[in-house]
file entry-v4.txt (compact mmCIF, C-alpha atoms and all ligand atoms)
# COMPACT_ATOMS: atom_id res chain seq x y z
CA ALA A 195 95.48 -103.75 -88.21
CA GLU A 196 94.46 -102.11 -91.47
CA ALA A 197 98.07 -101.62 -92.48
CA GLU A 198 98.71 -105.28 -91.69
CA LEU A 199 95.81 -106.31 -93.88
CA ARG A 200 97.10 -104.18 -96.75
CA GLN A 201 100.55 -105.71 -96.29
CA ALA A 202 99.07 -109.23 -96.39
CA GLN A 203 97.12 -108.36 -99.55
CA LYS A 204 100.26 -106.98 -101.17
CA MET A 205 102.23 -110.10 -100.27
CA ARG A 206 99.51 -112.28 -101.78
CA ALA A 207 99.53 -110.23 -104.98
CA ILE A 208 103.31 -110.48 -105.25
CA GLY A 209 103.10 -114.19 -104.54
CA THR A 210 100.57 -114.72 -107.32
CA LEU A 211 102.67 -112.67 -109.74
CA ALA A 212 105.88 -114.47 -108.83
CA GLY A 213 104.09 -117.80 -109.07
CA GLY A 214 102.87 -117.00 -112.58
CA ILE A 215 106.32 -115.91 -113.74
CA ALA A 216 107.93 -118.93 -112.11
CA HIS A 217 105.48 -121.21 -113.91
CA ASP A 218 106.35 -119.74 -117.33
CA PHE A 219 110.05 -119.87 -116.53
CA ASN A 220 109.72 -123.49 -115.59
CA ASN A 221 108.51 -124.33 -119.11
CA ILE A 222 111.27 -122.26 -120.71
CA LEU A 223 113.93 -123.91 -118.55
CA THR A 224 112.64 -127.36 -119.40
CA ALA A 225 113.22 -126.52 -123.07
CA ILE A 226 116.70 -125.08 -122.41
CA ILE A 227 117.76 -128.11 -120.41
CA GLY A 228 116.22 -130.54 -122.89
CA TYR A 229 117.92 -129.00 -125.93
CA THR A 230 121.22 -128.81 -124.03
CA GLN A 231 121.03 -132.53 -123.35
CA LEU A 232 120.33 -133.20 -127.03
CA ALA A 233 123.31 -131.05 -128.04
CA MET A 234 125.53 -132.82 -125.50
CA GLU A 235 124.81 -136.13 -127.18
CA ARG A 236 126.27 -134.80 -130.43
CA VAL A 237 129.50 -133.08 -129.38
CA ASN A 238 131.44 -136.05 -128.04
CA SER A 239 134.70 -135.13 -129.75
CA ASP A 240 134.75 -131.42 -128.91
CA VAL A 241 135.79 -131.22 -125.24
CA THR A 242 135.59 -127.43 -124.96
CA CYS A 243 132.12 -127.37 -126.39
CA ARG A 244 131.11 -130.17 -124.02
CA ASN A 245 132.32 -128.09 -121.07
CA TYR A 246 130.29 -125.11 -122.24
CA LEU A 247 127.21 -127.26 -122.52
CA ASP A 248 127.84 -128.74 -119.08
CA GLY A 249 127.85 -125.15 -117.82
CA VAL A 250 124.53 -124.39 -119.49
CA PHE A 251 123.05 -127.60 -118.15
CA LEU A 252 124.15 -126.94 -114.56
CA ALA A 253 122.97 -123.33 -114.61
CA GLY A 254 119.66 -124.54 -116.00
CA GLN A 255 119.30 -127.08 -113.20
CA ARG A 256 120.00 -124.41 -110.57
CA ALA A 257 117.47 -122.09 -112.14
CA LYS A 258 114.91 -124.90 -112.03
CA GLU A 259 115.60 -125.44 -108.36
CA LEU A 260 115.08 -121.73 -107.68
CA VAL A 261 111.86 -121.64 -109.68
CA HIS A 262 110.65 -124.72 -107.84
CA GLN A 263 111.22 -123.01 -104.48
CA ILE A 264 109.41 -119.86 -105.63
CA LEU A 265 106.47 -121.92 -106.89
CA THR A 266 106.15 -123.69 -103.56
CA PHE A 267 106.42 -120.36 -101.80
CA SER A 268 103.61 -118.78 -103.77
CA ARG A 269 101.38 -121.87 -103.89
CA GLN A 270 101.14 -122.56 -100.22
CA SER A 271 97.39 -122.08 -100.29
CA GLU A 272 96.93 -124.68 -103.01
CA GLN A 273 98.04 -127.64 -100.99
CA GLU A 274 96.22 -130.94 -100.95
CA LYS A 275 96.12 -132.33 -97.47
CA LYS A 276 95.20 -135.88 -96.59
CA PRO A 277 96.08 -138.28 -93.80
CA ILE A 278 99.51 -139.70 -94.63
CA GLU A 279 102.04 -141.92 -92.93
CA ILE A 280 105.07 -139.67 -92.79
CA HIS A 281 107.62 -142.48 -92.53
CA LEU A 282 106.86 -143.55 -96.12
CA ILE A 283 107.69 -140.08 -97.41
CA VAL A 284 110.83 -139.75 -95.30
CA LYS A 285 112.10 -143.12 -96.51
CA GLU A 286 111.45 -142.17 -100.12
CA ALA A 287 113.32 -138.87 -99.71
CA LEU A 288 116.25 -140.63 -98.03
CA LYS A 289 116.46 -143.08 -100.90
CA LEU A 290 116.86 -140.16 -103.30
CA LEU A 291 119.45 -138.51 -101.06
CA ARG A 292 121.47 -141.67 -100.60
CA ALA A 293 122.03 -141.81 -104.33
CA SER A 294 123.35 -138.25 -104.52
CA LEU A 295 125.42 -137.81 -101.33
CA PRO A 296 129.21 -138.35 -101.44
CA ALA A 297 130.84 -141.24 -99.57
CA ASN A 298 132.20 -139.05 -96.74
CA ILE A 299 128.67 -138.40 -95.49
CA GLU A 300 127.12 -141.23 -93.53
CA ILE A 301 123.35 -141.44 -93.29
CA VAL A 302 121.85 -142.83 -90.10
CA GLN A 303 118.11 -143.29 -90.06
CA ASP A 304 115.87 -144.08 -87.15
CA ILE A 305 112.46 -144.48 -88.74
CA PRO A 306 109.82 -146.68 -87.12
CA ALA A 307 107.92 -149.24 -89.19
CA ARG A 308 104.80 -147.11 -88.71
CA SER A 309 104.92 -143.45 -87.81
CA GLY A 310 101.30 -142.58 -87.18
CA ALA A 311 99.37 -140.34 -89.54
CA VAL A 312 99.56 -136.61 -90.13
CA LEU A 313 97.13 -134.51 -92.14
CA ALA A 314 99.52 -133.20 -94.77
CA ASP A 315 100.41 -132.52 -98.37
CA PRO A 316 102.85 -135.33 -99.27
CA THR A 317 104.77 -133.29 -101.85
CA GLN A 318 105.39 -130.55 -99.33
CA ILE A 319 106.52 -132.94 -96.60
CA HIS A 320 108.89 -134.48 -99.12
CA GLN A 321 110.24 -131.03 -99.84
CA ILE A 322 110.82 -130.26 -96.15
CA VAL A 323 112.92 -133.39 -95.79
CA MET A 324 114.90 -132.60 -98.93
CA ASN A 325 115.49 -128.97 -97.89
CA LEU A 326 116.72 -129.86 -94.40
CA CYS A 327 118.91 -132.71 -95.61
CA THR A 328 120.42 -130.64 -98.42
CA ASN A 329 121.36 -127.94 -95.90
CA ALA A 330 122.83 -130.59 -93.61
CA TYR A 331 124.88 -131.92 -96.49
CA HIS A 332 126.16 -128.44 -97.40
CA ALA A 333 127.14 -127.88 -93.76
CA MET A 334 129.25 -131.06 -93.82
CA GLU A 335 130.48 -130.85 -97.39
CA GLU A 336 134.07 -129.92 -96.53
CA LYS A 337 134.81 -132.31 -93.70
CA GLY A 338 132.24 -135.03 -94.15
CA GLY A 339 130.13 -136.23 -91.24
CA THR A 340 126.93 -137.91 -90.18
CA LEU A 341 123.40 -137.04 -91.23
CA THR A 342 120.85 -138.45 -88.81
CA VAL A 343 117.16 -138.50 -89.68
CA SER A 344 114.65 -139.76 -87.16
CA LEU A 345 110.91 -139.90 -86.61
CA SER A 346 109.46 -140.28 -83.15
CA GLU A 347 106.81 -139.14 -80.72
CA PRO A 348 108.62 -136.44 -78.78
CA ALA A 349 109.05 -136.13 -75.03
CA ALA A 350 107.42 -132.76 -74.32
CA ALA A 351 109.86 -131.94 -71.53
CA ASP A 352 112.78 -131.81 -73.98
CA ILE A 353 111.29 -129.15 -76.24
CA SER A 354 112.24 -125.54 -75.78
CA PRO A 355 110.36 -123.28 -76.10
CA PRO A 356 107.51 -125.69 -75.27
CA LEU A 357 104.87 -126.58 -77.87
CA PRO A 358 101.16 -125.85 -77.50
CA PRO A 359 99.42 -128.86 -75.93
CA GLY A 360 98.67 -131.77 -78.25
CA ASP A 361 100.12 -134.94 -79.72
CA TYR A 362 102.91 -134.46 -82.22
CA LEU A 363 105.15 -136.40 -84.51
CA GLN A 364 108.77 -135.25 -84.47
CA LEU A 365 110.89 -135.27 -87.61
CA MET A 366 114.50 -134.64 -86.67
CA VAL A 367 117.36 -133.86 -89.06
CA ARG A 368 120.78 -133.64 -87.42
CA ASP A 369 124.16 -132.94 -88.93
CA THR A 370 127.70 -132.83 -87.60
CA GLY A 371 128.58 -129.88 -89.82
CA CYS A 372 129.73 -126.26 -89.38
CA GLY A 373 126.86 -125.19 -87.09
CA MET A 374 125.56 -121.63 -86.69
CA ASP A 375 126.06 -118.80 -84.22
CA THR A 376 123.11 -116.87 -82.76
CA GLY A 377 123.42 -114.01 -85.26
CA LEU A 378 123.02 -116.44 -88.12
CA LEU A 379 120.27 -118.43 -86.39
CA GLU A 380 118.16 -115.28 -86.11
CA ARG A 381 118.11 -114.83 -89.87
CA ILE A 382 117.90 -118.30 -91.40
CA PHE A 383 114.13 -118.25 -91.99
CA GLU A 384 114.22 -114.92 -93.87
CA PRO A 385 113.38 -115.32 -97.57
CA TYR A 386 116.49 -114.90 -99.74
CA PHE A 387 118.87 -114.99 -96.76
CA THR A 388 121.83 -117.19 -97.66
CA THR A 389 125.50 -117.53 -96.74
CA LYS A 390 126.16 -119.72 -99.75
CA GLU A 391 127.99 -118.60 -102.85
CA ALA A 392 125.96 -117.32 -105.79
CA GLY A 393 124.36 -120.14 -107.69
CA LYS A 394 124.56 -122.60 -104.82
CA GLY A 395 121.99 -121.25 -102.40
CA THR A 396 118.67 -119.53 -103.03
CA GLY A 397 118.01 -118.52 -99.45
CA LEU A 398 114.48 -119.86 -99.90
CA GLY A 399 114.87 -123.39 -98.53
CA LEU A 400 114.17 -122.60 -94.89
CA ALA A 401 111.64 -119.85 -95.66
CA VAL A 402 109.69 -122.41 -97.70
CA THR A 403 110.14 -125.04 -94.99
CA HIS A 404 108.89 -122.62 -92.34
CA GLY A 405 105.85 -121.71 -94.44
CA ILE A 406 104.98 -125.35 -95.05
CA VAL A 407 105.33 -126.26 -91.38
CA GLU A 408 103.13 -123.31 -90.36
CA SER A 409 100.44 -124.21 -92.86
CA HIS A 410 100.40 -127.71 -91.34
CA SER A 411 99.93 -126.20 -87.85
CA GLY A 412 103.37 -127.51 -86.96
CA HIS A 413 106.41 -126.05 -85.23
CA ILE A 414 110.16 -125.84 -85.88
CA ARG A 415 112.95 -125.84 -83.32
CA VAL A 416 116.64 -125.45 -84.10
CA VAL A 417 119.60 -126.21 -81.88
CA SER A 418 123.04 -125.41 -83.25
CA THR A 419 126.62 -125.18 -82.03
CA THR A 420 129.31 -123.57 -84.14
CA GLY A 421 131.78 -126.19 -85.29
CA LEU A 422 129.75 -129.10 -83.93
CA GLY A 423 126.55 -129.23 -85.89
CA THR A 424 122.86 -128.49 -86.08
CA THR A 425 119.60 -130.22 -85.24
CA PHE A 426 116.34 -129.19 -86.88
CA SER A 427 113.18 -130.61 -85.32
CA ILE A 428 109.81 -130.36 -87.00
CA TYR A 429 106.71 -131.13 -84.95
CA LEU A 430 103.54 -131.99 -86.83
CA PRO A 431 100.20 -132.60 -85.10
CA LEU A 432 99.25 -136.29 -85.14
CA TYR A 433 96.07 -136.97 -87.04
CA LYS A 434 93.30 -138.71 -85.15
CA GLN A 435 91.33 -140.69 -87.66
CA PRO A 436 87.62 -140.02 -87.39
CA PRO A 437 85.70 -143.35 -87.33
CA MET A 438 83.78 -142.46 -90.52
CA GLU A 439 86.91 -142.44 -92.64
CA LEU A 440 88.19 -145.81 -91.48
CA LYS A 441 87.18 -147.33 -94.80
CA GLU A 442 89.67 -145.19 -96.72
CA LYS A 443 92.53 -146.47 -94.62
CA SER A 444 93.36 -149.36 -96.93
CA GLU A 445 93.83 -147.16 -99.99
CA PRO A 446 97.40 -146.95 -101.25
CA GLN A 447 99.48 -144.01 -100.03
CA GLU A 448 100.69 -141.52 -102.54
CA ILE A 449 104.43 -141.00 -102.39
CA PRO A 450 106.05 -138.18 -104.36
CA GLY A 451 108.50 -139.40 -106.95
CA GLY A 452 107.51 -142.97 -106.26
P1 LIG A 501 120.16 -121.77 -98.76
O1 LIG A 501 120.40 -123.17 -98.34
O2 LIG A 501 119.79 -121.66 -100.19
O3 LIG A 501 121.23 -120.82 -98.37
P2 LIG A 501 118.20 -121.80 -96.67
O4 LIG A 501 117.03 -120.91 -96.39
O5 LIG A 501 117.92 -123.25 -96.77
O6 LIG A 501 118.84 -121.25 -98.00
O7 LIG A 501 119.29 -121.57 -95.55
C1 LIG A 501 119.69 -120.25 -95.20
C2 LIG A 501 121.04 -120.28 -94.51
O8 LIG A 501 120.94 -120.94 -93.24
C3 LIG A 501 122.13 -121.05 -95.24
O9 LIG A 501 122.74 -120.26 -96.24
C4 LIG A 501 123.09 -121.39 -94.11
O10 LIG A 501 123.93 -120.30 -93.79
C5 LIG A 501 122.16 -121.58 -92.92
N1 LIG A 501 121.89 -123.02 -92.66
C6 LIG A 501 120.76 -123.69 -92.95
N2 LIG A 501 120.83 -124.97 -92.54
C7 LIG A 501 122.05 -125.14 -91.97
C8 LIG A 501 122.74 -126.24 -91.34
N3 LIG A 501 122.18 -127.44 -91.23
N4 LIG A 501 123.99 -126.01 -90.85
C9 LIG A 501 124.55 -124.79 -90.95
N5 LIG A 501 123.96 -123.72 -91.53
C10 LIG A 501 122.72 -123.88 -92.03
call {"tool": "encode", "arguments": {"input": "entry-v4.txt", "output": "structure tokens", "more": "lines below"}}
Ligand code: ADP
result
Amino acid sequence: AEAELRQAQKMRAIGTLAGGIAHDFNNILTAIIGYTQLAMERVNSDVTCRNYLDGVFLAGQRAKELVHQILTFSRQSEQEKKPIEIHLIVKEALKLLRASLPANIEIVQDIPARSGAVLADPTQIHQIVMNLCTNAYHAMEEKGGTLTVSLSEPAAADISPPLPPGDYLQLMVRDTGCGMDTGLLERIFEPYFTTKEAGKGTGLGLAVTHGIVESHSGHIRVVSTTGLGTTFSIYLPLYKQPPMELKEKSEPQEIPGG
């Protein structure tokens, strides 16, 4: 137990360090990307130079994505939880995705008009949806396919292994992409584990997702078949509103990016 405690302390120290570095890098990258954009506006006639700048810009964007994941990873204790209606966040995330997905990927959404509330950090829930959907997209990138996102109250009998007793909200993200075999499935939540080419994957998406779900007392289940596709299900405990807080109910919901 003492060794475990030391390990946990070490991890926290590394997390704080990484978080600090990531924060500084974020500012540096913002400058690099900003100046690249300014330069791009001035080199219209020089195609080669434009291509170089495109390269800098893209690499900068990828670095920002990586830094963002590391920041989330190291800041999991700094979350701001409040009762939120998850369907608003999922819809917002899907709107963003719709704009960036190619035409060969169809999005099907099954989101009820009201989802019920969950005690959660809206930014982090937004990130879960984006992480899962981005992976789904990558899995279908070559052949195209269907991305299905749904929110529902799950039927307990269908969940394996079963969840601890309680009322949950299920967020499901399903793709008809390449799928995963059991060897791969065992490793997907490891930090820095990726099968994607350098620059495309960070290997942090699912590790971050897992951490966020755990810190919300939720659960993840994955079902995957090689060649057919993958279904990620996230179960978050439904929030029972205490009578005293009823007054706050009418306040506007905060939606990330909205
Ligand atoms: P990254 O996407 O940067 O590789 P993740 O932690 O999000 O990092 O995912 C780790 C690995 O899990 C991916 O590289 C991929 O091999 C596998 N994976 C995740 N989601 C899916 C999916 N929907 N379909 C197939 N493989 C997936």
call {"tool": "closest_residue", "arguments": {"input": "entry-v4.txt", "among": "A:Gln364, A:Gln273, A:Thr419, A:Asn329", "to": "ligand LIG 501 (chain A)", "atoms": "all atoms listed in the file"}}
result
A:Asn329
call {"tool": "closest_atom_pairs", "arguments": {"input": "entry-v4.txt", "of": "chain A", "to": "ligand LIG 501 (chain A)", "cutoff": "8 Å", "atoms": "only C-alpha atoms and all ligand atoms", "output": "Markdown table"}}
result
| residue | atom | partner | partner_atom | distance |
| --- | --- | --- | --- | --- |
| A:Asn325 | CA | A:LIG501 | O5 | 6.3 |
| A:Leu326 | CA | A:LIG501 | N2 | 6.7 |
| A:Cys327 | CA | A:LIG501 | N3 | 7.6 |
| A:Thr328 | CA | A:LIG501 | O1 | 7.5 |
| A:Asn329 | CA | A:LIG501 | N2 | 4.5 |
| A:Ala330 | CA | A:LIG501 | N3 | 4.0 |
| A:Tyr331 | CA | A:LIG501 | N3 | 7.4 |
| A:His332 | CA | A:LIG501 | C8 | 7.3 |
| A:Ala333 | CA | A:LIG501 | N4 | 4.7 |
| A:Met334 | CA | A:LIG501 | N4 | 7.9 |
| A:Arg368 | CA | A:LIG501 | N3 | 7.4 |
| A:Asp369 | CA | A:LIG501 | N3 | 6.3 |
| A:Gly371 | CA | A:LIG501 | N4 | 6.1 |
| A:Cys372 | CA | A:LIG501 | C9 | 5.6 |
| A:Gly373 | CA | A:LIG501 | C9 | 4.5 |
| A:Met374 | CA | A:LIG501 | C9 | 5.4 |
| A:Leu378 | CA | A:LIG501 | O10 | 6.9 |
| A:Leu379 | CA | A:LIG501 | O8 | 7.3 |
| A:Arg381 | CA | A:LIG501 | O8 | 7.5 |
| A:Ile382 | CA | A:LIG501 | O8 | 4.4 |
| A:Phe383 | CA | A:LIG501 | O4 | 5.9 |
| A:Glu384 | CA | A:LIG501 | O4 | 7.1 |
| A:Pro385 | CA | A:LIG501 | O4 | 6.8 |
| A:Tyr386 | CA | A:LIG501 | O4 | 6.9 |
| A:Phe387 | CA | A:LIG501 | C1 | 5.5 |
| A:Thr388 | CA | A:LIG501 | O9 | 3.5 |
| A:Thr389 | CA | A:LIG501 | O9 | 3.9 |
| A:Lys390 | CA | A:LIG501 | O9 | 4.9 |
| A:Lys394 | CA | A:LIG501 | O2 | 6.7 |
| A:Gly395 | CA | A:LIG501 | O2 | 3.1 |
| A:Thr396 | CA | A:LIG501 | O2 | 3.7 |
| A:Gly397 | CA | A:LIG501 | O6 | 3.2 |
| A:Leu398 | CA | A:LIG501 | O4 | 4.5 |
| A:Gly399 | CA | A:LIG501 | O5 | 3.5 |
| A:Leu400 | CA | A:LIG501 | O4 | 3.6 |
| A:Ala401 | CA | A:LIG501 | O4 | 5.5 |
| A:Val402 | CA | A:LIG501 | O4 | 7.6 |
| A:Ser418 | CA | A:LIG501 | N4 | 7.7 |
| A:Gly423 | CA | A:LIG501 | N4 | 6.4 |
| A:Thr424 | CA | A:LIG501 | N3 | 5.3 |
| A:Thr425 | CA | A:LIG501 | N3 | 7.1 |
| A:Phe426 | CA | A:LIG501 | N3 | 7.5 |
call {"tool": "atom_distance", "arguments": {"input": "entry-v4.txt", "atom1": "CA of Leu341 (chain A)", "atom2": "CA of Leu282 (chain A)"}}
result
18.4 Å
call {"tool": "axis_aligned_box", "arguments": {"input": "entry-v4.txt", "around": "region 365-377 of chain A", "padding_each_side": "8 Å", "output": "AutoDock Vina command-line options"}}
result
--center_x 120.3 --center_y -124.6 --center_z -86.3 --size_x 34.8 --size_y 37.3 --size_z 23.1
call {"tool": "residues_around", "arguments": {"input": "entry-v4.txt", "residues": "Asp218 (chain A)", "least_positions_apart": "5", "cutoff": "12 Å", "atoms": "all atoms listed in the file", "output": "PyMOL selection string"}}
result
chain A and resi 211-213+223-225+258+261-262+265
